$ cat coords22.txt   # compact mmCIF, C-alpha atoms
# COMPACT_ATOMS: atom_id res chain seq x y z
CA MET A 24 -1.95 -58.66 -14.25
CA ALA A 25 -0.17 -56.27 -16.65
CA SER A 26 -3.37 -54.21 -16.93
CA SER A 27 -3.60 -53.91 -13.15
CA SER A 28 0.05 -52.85 -12.97
CA SER A 29 -0.48 -50.30 -15.75
CA SER A 30 -3.56 -48.89 -13.98
CA SER A 31 -1.67 -48.62 -10.71
CA SER A 32 1.24 -46.90 -12.45
CA SER A 33 -1.14 -44.47 -14.17
CA SER A 34 -2.87 -43.62 -10.87
CA SER A 35 0.50 -43.07 -9.24
CA ALA A 36 1.57 -40.75 -12.04
CA LEU A 37 -1.66 -38.75 -11.81
CA TYR A 38 -1.17 -38.43 -8.05
CA ARG A 39 2.39 -37.16 -8.55
CA ILE A 40 1.23 -34.64 -11.18
CA SER A 41 -1.57 -33.43 -8.88
CA ASN A 42 0.87 -33.14 -5.99
CA LEU A 43 3.30 -31.22 -8.20
CA GLN A 44 0.52 -28.82 -9.25
CA ASN A 45 -0.23 -28.19 -5.58
CA HIS A 46 3.39 -27.16 -5.04
CA ILE A 47 3.56 -25.03 -8.18
CA SER A 48 0.27 -23.20 -7.59
CA PRO A 49 -0.99 -23.90 -4.06
CA LEU A 50 -3.59 -21.10 -4.10
CA GLU A 51 -5.28 -22.42 -7.26
CA ALA A 52 -5.03 -26.04 -6.11
CA ASN A 53 -6.58 -25.22 -2.75
CA ASN A 54 -9.22 -22.82 -4.06
CA LYS A 55 -12.08 -25.28 -3.44
CA HIS A 56 -10.85 -25.89 0.10
CA LEU A 57 -10.58 -22.16 0.79
CA LYS A 58 -14.13 -21.54 -0.45
CA SER A 59 -15.44 -24.23 1.88
CA LEU A 60 -13.69 -22.57 4.85
CA VAL A 61 -14.86 -19.01 4.18
CA LYS A 62 -18.39 -17.60 4.02
CA VAL A 63 -18.72 -14.66 1.63
CA SER A 64 -22.00 -12.74 1.81
CA PRO A 65 -24.13 -12.77 -1.38
CA GLU A 66 -23.78 -8.96 -1.70
CA VAL A 67 -19.97 -9.06 -1.49
CA SER A 68 -19.68 -12.13 -3.72
CA GLU A 69 -21.81 -10.55 -6.44
CA ALA A 70 -19.86 -7.28 -6.26
CA ILE A 71 -16.50 -9.04 -6.61
CA SER A 72 -17.78 -11.16 -9.51
CA ASN A 73 -19.04 -8.07 -11.34
CA GLY A 74 -15.93 -5.97 -10.73
CA ARG A 75 -17.74 -3.51 -8.47
CA ALA A 76 -16.00 -1.51 -5.75
CA VAL A 77 -15.69 -3.40 -2.46
CA VAL A 78 -14.26 -2.05 0.81
CA ALA A 79 -13.02 -4.40 3.53
CA LEU A 80 -13.66 -3.37 7.15
CA GLU A 81 -12.10 -4.85 10.28
CA SER A 82 -14.16 -5.92 13.28
CA THR A 83 -11.91 -5.34 16.30
CA ILE A 84 -13.12 -1.75 16.39
CA ILE A 85 -16.65 -3.14 16.89
CA SER A 86 -15.85 -5.66 19.62
CA HIS A 87 -13.01 -3.90 21.45
CA GLY A 88 -13.12 -0.28 20.29
CA MET A 89 -16.27 1.01 22.00
CA PRO A 90 -19.16 -0.10 24.23
CA TYR A 91 -22.48 -1.60 23.09
CA PRO A 92 -24.74 -0.29 21.54
CA GLN A 93 -22.52 2.57 20.34
CA ASN A 94 -20.29 0.04 18.56
CA LEU A 95 -23.24 -1.38 16.61
CA GLN A 96 -24.51 2.06 15.65
CA THR A 97 -21.04 3.12 14.47
CA ALA A 98 -20.55 -0.10 12.46
CA LYS A 99 -23.89 0.43 10.68
CA GLU A 100 -23.10 4.09 9.99
CA VAL A 101 -19.68 3.23 8.54
CA GLU A 102 -21.24 0.60 6.26
CA SER A 103 -23.87 3.16 5.18
CA ILE A 104 -21.15 5.68 4.26
CA VAL A 105 -19.46 3.03 2.10
CA ARG A 106 -22.74 2.25 0.30
CA GLU A 107 -23.68 5.92 -0.15
CA ASN A 108 -20.38 6.45 -1.94
CA GLY A 109 -20.91 3.66 -4.45
CA ALA A 110 -19.04 0.73 -2.87
CA VAL A 111 -20.02 -2.48 -1.06
CA PRO A 112 -18.88 -2.89 2.57
CA ALA A 113 -17.29 -6.20 3.59
CA THR A 114 -16.98 -6.30 7.37
CA ILE A 115 -14.81 -9.30 8.27
CA ALA A 116 -15.03 -11.49 11.39
CA ILE A 117 -14.92 -15.14 12.48
CA LEU A 118 -18.19 -16.49 13.86
CA ASN A 119 -18.44 -20.02 15.28
CA GLY A 120 -15.14 -20.84 13.58
CA VAL A 121 -16.29 -19.64 10.15
CA PRO A 122 -14.48 -16.65 8.60
CA CYS A 123 -17.22 -14.33 7.33
CA ILE A 124 -16.53 -11.74 4.65
CA GLY A 125 -19.49 -9.39 4.71
CA LEU A 126 -21.81 -9.50 7.74
CA ASN A 127 -25.59 -9.26 7.73
CA GLU A 128 -27.48 -7.22 10.36
CA GLU A 129 -27.95 -10.18 12.67
CA GLU A 130 -24.23 -11.04 12.56
CA LEU A 131 -23.23 -7.42 13.19
CA GLU A 132 -25.61 -7.29 16.16
CA ARG A 133 -24.18 -10.50 17.57
CA LEU A 134 -20.58 -9.37 17.23
CA ALA A 135 -21.35 -5.99 18.81
CA SER A 136 -23.28 -7.46 21.77
CA LEU A 137 -20.61 -10.07 22.49
CA GLY A 138 -18.06 -7.25 22.74
CA LYS A 139 -14.77 -8.05 24.43
CA SER A 140 -15.72 -11.70 25.01
CA VAL A 141 -14.88 -12.15 21.31
CA GLN A 142 -11.21 -12.99 20.78
CA LYS A 143 -9.13 -10.20 19.32
CA THR A 144 -7.76 -12.07 16.30
CA ALA A 145 -4.49 -11.15 14.62
CA GLY A 146 -3.01 -13.10 11.71
CA ARG A 147 -1.28 -15.59 14.02
CA ASP A 148 -4.59 -16.45 15.77
CA ILE A 149 -6.71 -17.28 12.72
CA ALA A 150 -6.06 -21.04 12.60
CA TYR A 151 -6.71 -21.44 16.33
CA VAL A 152 -10.01 -19.52 16.31
CA VAL A 153 -11.21 -21.50 13.27
CA ALA A 154 -10.07 -24.86 14.70
CA THR A 155 -11.81 -24.26 18.06
CA ARG A 156 -14.94 -22.87 16.36
CA GLY A 157 -14.54 -19.65 18.27
CA ASN A 158 -15.61 -16.09 17.62
CA GLY A 159 -12.92 -13.72 16.44
CA ALA A 160 -12.82 -9.99 15.76
CA THR A 161 -10.18 -9.41 13.10
CA THR A 162 -7.36 -6.90 13.53
CA VAL A 163 -5.65 -5.27 10.56
CA SER A 164 -3.34 -8.25 9.93
CA ALA A 165 -6.17 -10.83 9.97
CA THR A 166 -8.47 -8.62 7.88
CA LEU A 167 -5.70 -8.22 5.29
CA PHE A 168 -5.39 -12.02 5.07
CA PHE A 169 -9.08 -12.63 4.40
CA ALA A 170 -9.53 -9.63 2.09
CA SER A 171 -6.60 -10.83 -0.01
CA MET A 172 -8.04 -14.35 -0.12
CA VAL A 173 -11.14 -13.16 -2.01
CA GLY A 174 -9.51 -10.40 -4.07
CA ILE A 175 -10.60 -7.24 -2.23
CA GLN A 176 -8.12 -4.44 -3.00
CA VAL A 177 -9.14 -1.66 -0.58
CA PHE A 178 -9.38 -1.87 3.21
CA VAL A 179 -10.52 0.90 5.57
CA THR A 180 -9.61 1.06 9.26
CA GLY A 181 -9.14 3.70 11.97
CA GLY A 182 -5.42 3.37 12.49
CA ILE A 183 -2.94 0.58 11.96
CA GLY A 184 -0.71 -0.91 14.64
CA GLY A 185 2.98 -0.11 14.64
CA VAL A 186 6.19 0.01 16.63
CA HIS A 187 5.35 0.61 20.28
CA ARG A 188 7.13 3.21 22.31
CA HIS A 189 10.03 1.60 24.19
CA ALA A 190 10.06 -1.22 21.61
CA ASN A 191 13.86 -1.25 21.98
CA HIS A 192 13.19 -2.96 25.34
CA SER A 193 9.92 -4.81 24.69
CA MET A 194 10.35 -5.75 20.98
CA ASP A 195 6.62 -4.97 20.67
CA ILE A 196 6.02 -4.44 16.95
CA SER A 197 2.55 -5.01 15.53
CA SER A 198 2.06 -7.83 13.04
CA ASP A 199 0.02 -5.30 11.04
CA LEU A 200 3.31 -4.01 9.61
CA THR A 201 4.65 -7.37 8.43
CA ALA A 202 1.20 -8.29 7.07
CA LEU A 203 1.19 -5.05 5.07
CA GLY A 204 4.64 -5.92 3.79
CA ARG A 205 3.44 -9.16 2.21
CA THR A 206 -0.18 -8.42 1.25
CA PRO A 207 -0.84 -6.33 -1.89
CA ILE A 208 -3.82 -4.38 -0.55
CA ALA A 209 -4.29 -0.64 -0.03
CA VAL A 210 -5.06 0.32 3.57
CA ILE A 211 -6.74 3.64 4.29
CA SER A 212 -6.18 4.82 7.86
CA ALA A 213 -5.59 7.99 9.88
CA GLY A 214 -1.92 7.05 10.08
CA VAL A 215 -0.87 4.97 13.07
CA LYS A 216 -2.34 5.19 16.54
CA SER A 217 -0.82 8.08 18.50
CA ILE A 218 0.10 5.73 21.36
CA LEU A 219 2.87 4.36 19.11
CA ASP A 220 6.33 5.45 18.02
CA ILE A 221 5.54 7.06 14.66
CA PRO A 222 9.10 7.67 13.33
CA LYS A 223 10.12 4.06 14.05
CA THR A 224 6.87 2.78 12.50
CA LEU A 225 7.58 4.68 9.28
CA GLU A 226 11.11 3.25 9.20
CA TYR A 227 9.76 -0.27 9.69
CA LEU A 228 7.18 0.17 6.91
CA GLU A 229 9.99 1.25 4.58
CA THR A 230 11.92 -1.90 5.52
CA GLN A 231 8.82 -3.95 4.66
CA HIS A 232 8.58 -2.37 1.15
CA VAL A 233 5.25 -0.70 1.99
CA TYR A 234 4.46 2.41 -0.08
CA VAL A 235 3.27 5.14 2.31
CA ALA A 236 1.55 8.36 1.23
CA ALA A 237 -0.35 11.08 3.08
CA TYR A 238 -3.65 12.14 1.57
CA LYS A 239 -3.69 15.84 0.59
CA SER A 240 -0.87 16.52 3.05
CA ASP A 241 2.94 16.63 3.14
CA GLU A 242 3.01 15.45 6.75
CA PHE A 243 2.14 12.01 8.12
CA PRO A 244 -0.94 12.23 10.39
CA ALA A 245 -0.93 11.04 14.01
CA PHE A 246 -4.39 9.51 14.30
CA PHE A 247 -6.01 12.09 16.63
CA THR A 248 -4.10 15.01 15.11
CA GLU A 249 -3.47 16.10 11.53
CA LYS A 250 0.29 16.34 12.04
CA SER A 251 2.90 14.14 13.68
CA GLY A 252 6.05 16.14 13.02
CA CYS A 253 7.10 13.44 10.51
CA LYS A 254 7.29 14.25 6.82
CA ALA A 255 5.25 11.81 4.75
CA PRO A 256 7.34 9.64 2.37
CA SER A 257 4.95 10.57 -0.45
CA ARG A 258 1.74 12.48 -1.16
CA VAL A 259 -1.49 11.77 -3.09
CA ASP A 260 -4.21 14.34 -3.76
CA SER A 261 -7.25 12.48 -5.08
CA PRO A 262 -9.00 9.09 -5.15
CA GLU A 263 -7.84 8.78 -8.76
CA ASP A 264 -4.19 9.26 -7.69
CA CYS A 265 -4.61 6.46 -5.17
CA ALA A 266 -6.36 4.19 -7.69
CA ARG A 267 -3.52 4.59 -10.20
CA VAL A 268 -0.95 3.60 -7.55
CA ILE A 269 -3.00 0.51 -6.58
CA ASP A 270 -3.46 -0.45 -10.23
CA ALA A 271 0.28 -0.14 -10.94
CA ASN A 272 1.10 -2.12 -7.80
CA MET A 273 -1.18 -4.94 -9.03
CA LYS A 274 0.11 -4.93 -12.61
CA LEU A 275 3.71 -5.05 -11.41
CA ASN A 276 2.76 -8.01 -9.20
CA ARG A 277 4.39 -6.34 -6.21
CA GLN A 278 3.59 -8.52 -3.23
CA ALA A 279 3.59 -5.64 -0.75
CA GLY A 280 0.84 -3.36 0.47
CA ILE A 281 0.10 0.34 0.34
CA LEU A 282 -0.77 2.72 3.19
CA PHE A 283 -2.75 5.87 2.45
CA ALA A 284 -2.74 8.02 5.59
CA VAL A 285 -5.76 10.35 5.79
CA PRO A 286 -5.60 13.20 8.34
CA ILE A 287 -8.47 13.46 10.82
CA PRO A 288 -11.00 16.18 9.80
CA LYS A 289 -9.93 19.61 11.10
CA GLN A 290 -12.98 20.10 13.31
CA HIS A 291 -12.04 16.98 15.31
CA SER A 292 -8.29 17.57 15.59
CA ALA A 293 -8.49 20.53 17.99
CA ALA A 294 -8.47 18.21 21.02
CA GLY A 295 -5.17 16.69 19.91
CA ASN A 296 -3.07 18.22 22.71
CA LEU A 297 -5.54 17.08 25.38
CA ILE A 298 -5.52 13.55 23.94
CA GLU A 299 -1.71 13.47 23.68
CA SER A 300 -1.39 14.45 27.35
CA ALA A 301 -3.84 11.69 28.31
CA THR A 302 -1.90 9.25 26.11
CA GLN A 303 1.35 9.95 27.98
CA ARG A 304 -0.39 9.32 31.31
CA ALA A 305 -2.03 6.11 30.03
CA LEU A 306 1.34 4.83 28.75
CA THR A 307 2.88 5.38 32.20
CA GLU A 308 -0.01 3.52 33.84
CA ALA A 309 0.31 0.63 31.37
CA ARG A 310 3.99 0.22 32.24
CA GLU A 311 3.25 0.39 35.98
CA LYS A 312 0.53 -2.26 35.64
CA ASN A 313 2.66 -4.35 33.25
CA VAL A 314 -0.02 -4.31 30.53
CA THR A 315 1.66 -5.71 27.40
CA GLY A 316 1.02 -7.54 24.13
CA ASN A 317 -2.38 -7.40 22.45
CA ALA A 318 -3.96 -6.19 25.73
CA GLU A 319 -2.02 -2.92 25.60
CA THR A 320 -3.78 -1.09 22.78
CA PRO A 321 -7.37 -1.70 24.10
CA PHE A 322 -6.19 -0.66 27.59
CA LEU A 323 -4.57 2.53 26.32
CA LEU A 324 -7.49 3.56 24.11
CA ALA A 325 -10.03 2.92 26.90
CA ARG A 326 -7.92 4.81 29.46
CA VAL A 327 -7.37 7.76 27.12
CA ASN A 328 -11.13 7.89 26.53
CA GLU A 329 -11.72 8.01 30.31
CA LEU A 330 -9.10 10.72 30.83
CA THR A 331 -10.51 12.89 28.04
CA GLY A 332 -14.13 12.49 29.09
CA GLY A 333 -15.09 10.73 25.86
CA THR A 334 -13.39 13.23 23.55
CA SER A 335 -10.98 10.67 22.14
CA LEU A 336 -13.78 8.19 21.33
CA ALA A 337 -15.76 10.87 19.48
CA ALA A 338 -12.62 11.76 17.50
CA ASN A 339 -11.99 8.06 16.80
CA ILE A 340 -15.49 7.59 15.36
CA ALA A 341 -15.16 10.76 13.26
CA LEU A 342 -11.88 9.68 11.68
CA VAL A 343 -13.15 6.16 10.93
CA LYS A 344 -16.16 7.64 9.12
CA ASN A 345 -13.91 10.01 7.19
CA ASN A 346 -11.64 7.12 6.21
CA ALA A 347 -14.69 5.16 5.03
CA LEU A 348 -15.69 8.10 2.82
CA ILE A 349 -12.23 8.46 1.25
CA GLY A 350 -11.70 4.68 1.01
CA SER A 351 -15.00 4.19 -0.82
CA GLN A 352 -14.09 6.91 -3.31
CA ILE A 353 -10.73 5.20 -3.90
CA ALA A 354 -12.39 1.79 -4.40
CA VAL A 355 -14.85 3.27 -6.91
CA ALA A 356 -12.04 5.03 -8.81
CA LEU A 357 -10.12 1.75 -8.90
CA SER A 358 -13.11 -0.23 -10.22
CA GLN A 359 -13.59 2.35 -12.98
CA LEU A 360 -9.88 2.24 -13.86
CA MET A 361 -9.90 -1.56 -14.10

$ encode --input "coords22.txt" --output "structure tokens"
Amino acid sequence: MASSSSSSSSSSALYRISNLQNHISPLEANNKHLKSLVKVSPEVSEAISNGRAVVALESTIISHGMPYPQNLQTAKEVESIVRENGAVPATIAILNGVPCIGLNEEELERLASLGKSVQKTAGRDIAYVVATRGNGATTVSATLFFASMVGIQVFVTGGIGGVHRHANHSMDISSDLTALGRTPIAVISAGVKSILDIPKTLEYLETQHVYVAAYKSDEFPAFFTEKSGCKAPSRVDSPEDCARVIDANMKLNRQAGILFAVPIPKQHSAAGNLIESATQRALTEAREKNVTGNAETPFLLARVNELTGGTSLAANIALVKNNALIGSQIAVALSQLM
């Protein structure tokens, strides 16, 4: 009887210790569970294990950013640019409820052909899409979450979300900004989308402890144009500069992200005034039609593309490819530094 009591007491103690360890280090304790929930491609897994450069890529631009098959072609070209510059691409999406980090050709094709029927998935939507075994195209905030989960340090996108114009009435502020504020990953983008309020977005990023620097420029870019009229908080001039900032951020254990804003290539920025005029008109139409929330950005980008006769989409593709080039160079410089 005493032996049974002792065994029960011992089991109880072990349970309490295990439970305590879960509270002290939940990420380590749940590592096995996380691995069972996420599918990492063999290429990405091997690269991470060997300390090679890996670049995370979001998938909303594939499903919601452009029509099929142009979206598939662009996705493949962006991944090729990453590989040509010495890094491994890790496009992130949720397929049949399984978060996938690194997509094969068949998965890319499926995501592209499904298009807008795939749920646009921000950080808040992840649990729902997984629980219902749905298909989700990850936005910046959701991509940050999954990239951080597996230890990817560099993430390339077109432009991040931000504070919407008239946010003082709508309170529409993208979760990309708060995700950046609590995820220690470097995001390479062409600034924030020009449909947003750039000065307020920069203020909000400062509030969230996000280090912001323009790449080879003193001015913060405005997505479709090289200049926004806003002075950049900081400046970096090479992939090595960026890598040193990321490395220091990691060593200091700062739990906030980094935004490197890369201006659109000069040859594609000439149409900036035309695009800005179309943006103003699209914003007016969105208010008149009461288009709000996560439906607003796809509506605005599609409408601006219509109004500019496809000019804005061509510029969007060009800047994403340029960001992939710079982001890959940064990831390689970081892997060499580490």

$ residues_around --input "coords22.txt" --residues "Val343 of chain A" --least-positions-apart "2" --cutoff "9 Å" --atoms "only C-alpha atoms" --output "number ranges by chain"
A: 101, 179-182, 212-213, 287, 338-341, 345-348

$ atom_distance --input "coords22.txt" --atom1 "atom CA of Ile269 of chain A" --atom2 "atom CA of Ala160 of chain A"
26.6 Å

$ closest_residue --input "coords22.txt" --among "A:Thr224, A:Gln359, A:Ser335, A:Ser164" --to "Leu203 of chain A" --atoms "all atoms listed in the file"
A:Ser164

$ residues_around --input "coords22.txt" --residues "Ala209 of chain A" --least-positions-apart "6" --cutoff "9 Å" --atoms "only C-alpha atoms" --output "PDB file with C-alpha atoms, in the frame of the given file"
ATOM      1  CA  GLN A 176      -8.120  -4.440  -3.000  1.00  0.00           C
ATOM      2  CA  VAL A 177      -9.140  -1.660  -0.580  1.00  0.00           C
ATOM      3  CA  PHE A 178      -9.380  -1.870   3.210  1.00  0.00           C
ATOM      4  CA  VAL A 179     -10.520   0.900   5.570  1.00  0.00           C
ATOM      5  CA  LEU A 203       1.190  -5.050   5.070  1.00  0.00           C
ATOM      6  CA  CYS A 265      -4.610   6.460  -5.170  1.00  0.00           C
ATOM      7  CA  ILE A 269      -3.000   0.510  -6.580  1.00  0.00           C
ATOM      8  CA  GLY A 280       0.840  -3.360   0.470  1.00  0.00           C
ATOM      9  CA  ILE A 281       0.100   0.340   0.340  1.00  0.00           C
ATOM     10  CA  LEU A 282      -0.770   2.720   3.190  1.00  0.00           C
ATOM     11  CA  PHE A 283      -2.750   5.870   2.450  1.00  0.00           C
TER      12      PHE A 283
END

$ closest_residue --input "coords22.txt" --among "A:Ser351, A:Thr320, A:Thr307, A:Thr334" --to "Val210 of chain A" --atoms "all atoms listed in the file"
A:Ser351
